[in-house]
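Visitor: Here it is, the structure in full.
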Amino acid sequence: MENLLKGENINKGESYLLKGEELMEMLDMEEAEKYIKKYLKLNPYSYRAFKDLMNIYYETGEFENSLIYCNRLLEKDVSDPFIFERKAYLLACLDEIDESLECYDKAIALKPDFYQAICDKAQLLEECGCHEESLETYEKGMKISPEKGTAYLGAAFAYQKLGDKKKAFEFSEKAYNSDPDDEFFRCHYSIMKELRYAD
């Protein structure tokens, strides 16, 4: 990459971007940020650089900074459900719950089979104590991808908080059966089984 930075056939600004993205792949986010920002000074409206910085700050836990670049991306394009999903997650981390739920809805409206966004929205509803609405949302995820276990386990937690142990065990078992090798699914299924939730 050092040769790339010195190469005559490559635009200098582009070389900063490529170097920054290479550093991102190496998980050197601090150095990656420096190169992406150098590129952004030369290309101040770059969608790709905004996305890189959004991801860098997301990975380093700087959610407010990540949200800034997420919003810049949405100023340029409101058709990407994955950016709305990322914004929803960031807002939830910043305790902006209502706005987060709105962004999940926008992501799902753009991509109705967006399983991850559906499960994340359901989890947020469950964390806010909206257990019934959470279960309805998890059910949508189950219908979209019945072979995946995340929605089943989320429903198990919701039923657990509602005090319905049998339902909690039933959905925990479904999560486990969807992927018995998944340590997370196996662990929670084993715990509920030991606590005799099936009785």
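Following the order of the structure tokens, chains are lettered A, B, ..., residues in each are numbered from 1, and ligands are numbered from 1.
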Any idea what's packed within 12 Å of Glu102 in chain A, counting only C-alpha atoms, ignoring anything in its chain fewer than 5 positions away? Could you give it as an mmCIF file with C-alpha atoms, in the first residue's frame?

Guide:
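For reference, result-v9.cif as written:
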data_model
loop_
_atom_site.group_PDB
_atom_site.id
_atom_site.type_symbol
_atom_site.label_atom_id
_atom_site.label_comp_id
_atom_site.auth_asym_id
_atom_site.auth_seq_id
_atom_site.Cartn_x
_atom_site.Cartn_y
_atom_site.Cartn_z
ATOM 1 C CA PHE A 84 -31.780 3.243 8.466
ATOM 2 C CA GLU A 85 -31.145 0.032 10.412
ATOM 3 C CA LYS A 87 -29.256 4.673 12.511
ATOM 4 C CA ALA A 88 -31.941 2.874 14.510
ATOM 5 C CA TYR A 89 -29.296 0.908 16.399
ATOM 6 C CA LEU A 91 -30.276 5.919 18.362
ATOM 7 C CA ALA A 92 -31.182 3.028 20.655
ATOM 8 C CA GLU A 96 -33.511 7.899 21.636
ATOM 9 C CA ILE A 97 -36.058 5.096 21.661
ATOM 10 C CA ALA A 107 -35.782 0.108 7.225
ATOM 11 C CA ILE A 108 -38.468 -2.575 7.242
ATOM 12 C CA ALA A 109 -40.724 -0.565 4.928
ATOM 13 C CA ALA A 117 -34.067 -5.161 11.583
ATOM 14 C CA LYS A 121 -36.914 -3.768 16.668
ATOM 15 C CA LEU A 124 -35.935 -2.965 21.642
ATOM 16 C CA LEU A 125 -39.685 -3.206 22.246
#

Visitor: May I have the residues within 7 Å of range 29-39 of chain A as a PyMOL selection string, using only C-alpha atoms and disregarding those fewer than 3 positions away in the same chain?

Guide: chain A and resi 13-14+16-17+19-21+23-24+42-43+49+53+56

Visitor: Would you work out the distance separating CA of Met26 in chain A from CA of Phe184 in chain A, expressed in Å to one decimal?

Guide: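 These atoms are spaced 27.2 Å apart.
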
Visitor: Quick one: everything within 12 Å of Asn177 in chain A, counting only C-alpha atoms, minus sequence neighbours fewer than 3 positions away in the same chain. Send it as a list in words.

Guide: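 That gives Pro146, Glu147, Lys148, Gly149, Thr150, Tyr152, Leu153, Glu170, Phe171, Ser172, Glu173, Lys174, Pro180, Asp181, Asp182, Glu183, Phe185, Arg186 and Tyr189 of chain A.
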
Visitor: Using only C-alpha atoms, which of the listed residues (A:Asp28, A:Tyr45, A:Ala168, A:Ser145) sits closest to Tyr57 in chain A?

Guide: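 Counting only C-alpha atoms, the residue closest to Tyr57 in chain A is A:Asp28.
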
Visitor: Just asking: which residues within range 91-195 of chain A are helix (DSSP H, G or I) according to DSSP, as number ranges by chain?

Guide: A: 91-93, 97-110, 115-127, 131-144, 150-161, 165-178, 183-194

Visitor: Which value, in Å to one decimal, gives the distance between CA of Asp199 in chain A and CA of Ala175 in chain A?

Guide: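 Going from CA of Asp199 in chain A over to CA of Ala175 in chain A, I get 18.5 Å.
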
Visitor: Rounded to one decimal, what separation in Å do you get between CA of Cys187 in chain A and CA of Lys166 in chain A?

Guide: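 Pair CA of Cys187 in chain A / CA of Lys166 in chain A returns 17.2 Å.
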
Visitor: Would you mind listing what lies within 10 Å of Arg196 in chain A as a ChimeraX atom specification, with only C-alpha atoms counted and same-chain residues fewer than 6 positions away left out?

Guide: /A:165-166,169,190

Visitor: If you count only C-alpha atoms, which residues fall within 9 Å of Asn55 in chain A, apart from same-chain ones fewer than 6 positions away, as a short mmCIF file (atom, residue, chain, number, x, y, z; two decimals) with C-alpha atoms, in the first residue's frame?

Guide:
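Okay, out-v2.cif is ready:
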data_model
loop_
_atom_site.label_atom_id
_atom_site.label_comp_id
_atom_site.auth_asym_id
_atom_site.auth_seq_id
_atom_site.Cartn_x
_atom_site.Cartn_y
_atom_site.Cartn_z
CA SER A 66 -21.20 7.52 13.90
CA TYR A 69 -22.09 10.38 9.30
CA CYS A 70 -25.13 8.14 9.20
#

Visitor: Using only C-alpha atoms, determine which residues lie at most 12 Å from Gly129 in chain A, disregarding the query and same-chain residues fewer than 4 positions distant; provide the list as number ranges by chain.

Guide: A: 122-125, 133-135, 157-159, 161-162

Visitor: For those residues, write N, CA and C atoms to a file as an mmCIF file, in the first residue's frame.

Guide:
data_model
loop_
_atom_site.group_PDB
_atom_site.id
_atom_site.type_symbol
_atom_site.label_atom_id
_atom_site.label_comp_id
_atom_site.auth_asym_id
_atom_site.auth_seq_id
_atom_site.Cartn_x
_atom_site.Cartn_y
_atom_site.Cartn_z
ATOM 1 N N ALA A 122 -37.900 -5.788 17.585
ATOM 2 C CA ALA A 122 -38.623 -6.584 18.587
ATOM 3 C C ALA A 122 -37.874 -6.596 19.917
ATOM 4 N N GLN A 123 -36.550 -6.713 19.849
ATOM 5 C CA GLN A 123 -35.747 -6.711 21.072
ATOM 6 C C GLN A 123 -35.850 -5.375 21.802
ATOM 7 N N LEU A 124 -35.814 -4.290 21.030
ATOM 8 C CA LEU A 124 -35.935 -2.965 21.642
ATOM 9 C C LEU A 124 -37.297 -2.802 22.312
ATOM 10 N N LEU A 125 -38.343 -3.270 21.660
ATOM 11 C CA LEU A 125 -39.685 -3.206 22.246
ATOM 12 C C LEU A 125 -39.746 -4.019 23.536
ATOM 13 N N GLU A 133 -46.250 -6.345 21.921
ATOM 14 C CA GLU A 133 -45.850 -5.815 20.618
ATOM 15 C C GLU A 133 -44.543 -6.447 20.158
ATOM 16 N N SER A 134 -43.677 -6.717 21.112
ATOM 17 C CA SER A 134 -42.426 -7.386 20.804
ATOM 18 C C SER A 134 -42.691 -8.771 20.216
ATOM 19 N N LEU A 135 -43.599 -9.507 20.837
ATOM 20 C CA LEU A 135 -43.927 -10.850 20.352
ATOM 21 C C LEU A 135 -44.534 -10.806 18.950
ATOM 22 N N PHE A 157 -37.494 -14.979 25.526
ATOM 23 C CA PHE A 157 -37.219 -13.988 26.569
ATOM 24 C C PHE A 157 -38.465 -13.164 26.895
ATOM 25 N N ALA A 158 -39.216 -12.807 25.850
ATOM 26 C CA ALA A 158 -40.432 -12.019 26.067
ATOM 27 C C ALA A 158 -41.449 -12.813 26.888
ATOM 28 N N TYR A 159 -41.629 -14.085 26.539
ATOM 29 C CA TYR A 159 -42.554 -14.929 27.300
ATOM 30 C C TYR A 159 -42.055 -15.136 28.736
ATOM 31 N N LYS A 161 -40.445 -12.976 30.531
ATOM 32 C CA LYS A 161 -40.768 -11.765 31.294
ATOM 33 C C LYS A 161 -42.268 -11.649 31.561
ATOM 34 N N LEU A 162 -43.057 -12.270 30.697
ATOM 35 C CA LEU A 162 -44.511 -12.294 30.917
ATOM 36 C C LEU A 162 -44.916 -13.378 31.906
#

Visitor: With only C-alpha atoms as the basis for distance, which of A:Lys167, A:Ser100, A:Tyr47, A:Leu94 is at the shortest distance from Leu74 in chain A?

Guide: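 Looking only at the distances to Leu74 in chain A, the closest residue turns out to be A:Tyr47.
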
Visitor: Determine the nearest neighbour of Glu64 in chain A from the options A:Asp95, A:Pro112, A:Glu22, A:Glu127, counting only C-alpha atoms.

Guide: A:Asp95

Visitor: Please provide the set of residues having any atom within 9 Å of Tyr115 in chain A, restricted to only C-alpha atoms, with same-chain residues fewer than 5 positions apart removed, written as a CSV table (one decimal) with N, CA and C atoms, in the first residue's frame.

Guide:
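Produced file out04.csv, reproduced below:
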chain,number,residue,atom,x,y,z
A,108,ILE,N,-37.6,-1.4,7.6
A,108,ILE,CA,-38.5,-2.6,7.2
A,108,ILE,C,-39.4,-2.2,6.1
A,120,ASP,N,-34.2,-6.8,15.7
A,120,ASP,CA,-33.7,-5.8,16.6
A,120,ASP,C,-34.8,-4.9,17.1
A,140,LYS,N,-43.4,-11.9,13.0
A,140,LYS,CA,-43.1,-11.5,11.7
A,140,LYS,C,-41.8,-12.1,11.2
A,141,GLY,N,-40.8,-12.0,12.1
A,141,GLY,CA,-39.5,-12.5,11.7
A,141,GLY,C,-39.5,-14.0,11.5
A,142,MET,N,-40.3,-14.7,12.4
A,142,MET,CA,-40.4,-16.2,12.2
A,142,MET,C,-41.0,-16.6,10.9
A,144,ILE,N,-40.9,-14.8,8.1
A,144,ILE,CA,-40.0,-14.5,7.0
A,144,ILE,C,-38.9,-15.5,6.9
A,145,SER,N,-38.3,-15.9,8.1
A,145,SER,CA,-37.2,-16.8,8.1
A,145,SER,C,-37.4,-17.9,9.2
A,151,ALA,N,-35.3,-14.9,16.3
A,151,ALA,CA,-36.7,-14.5,16.6
A,151,ALA,C,-37.3,-15.4,17.6
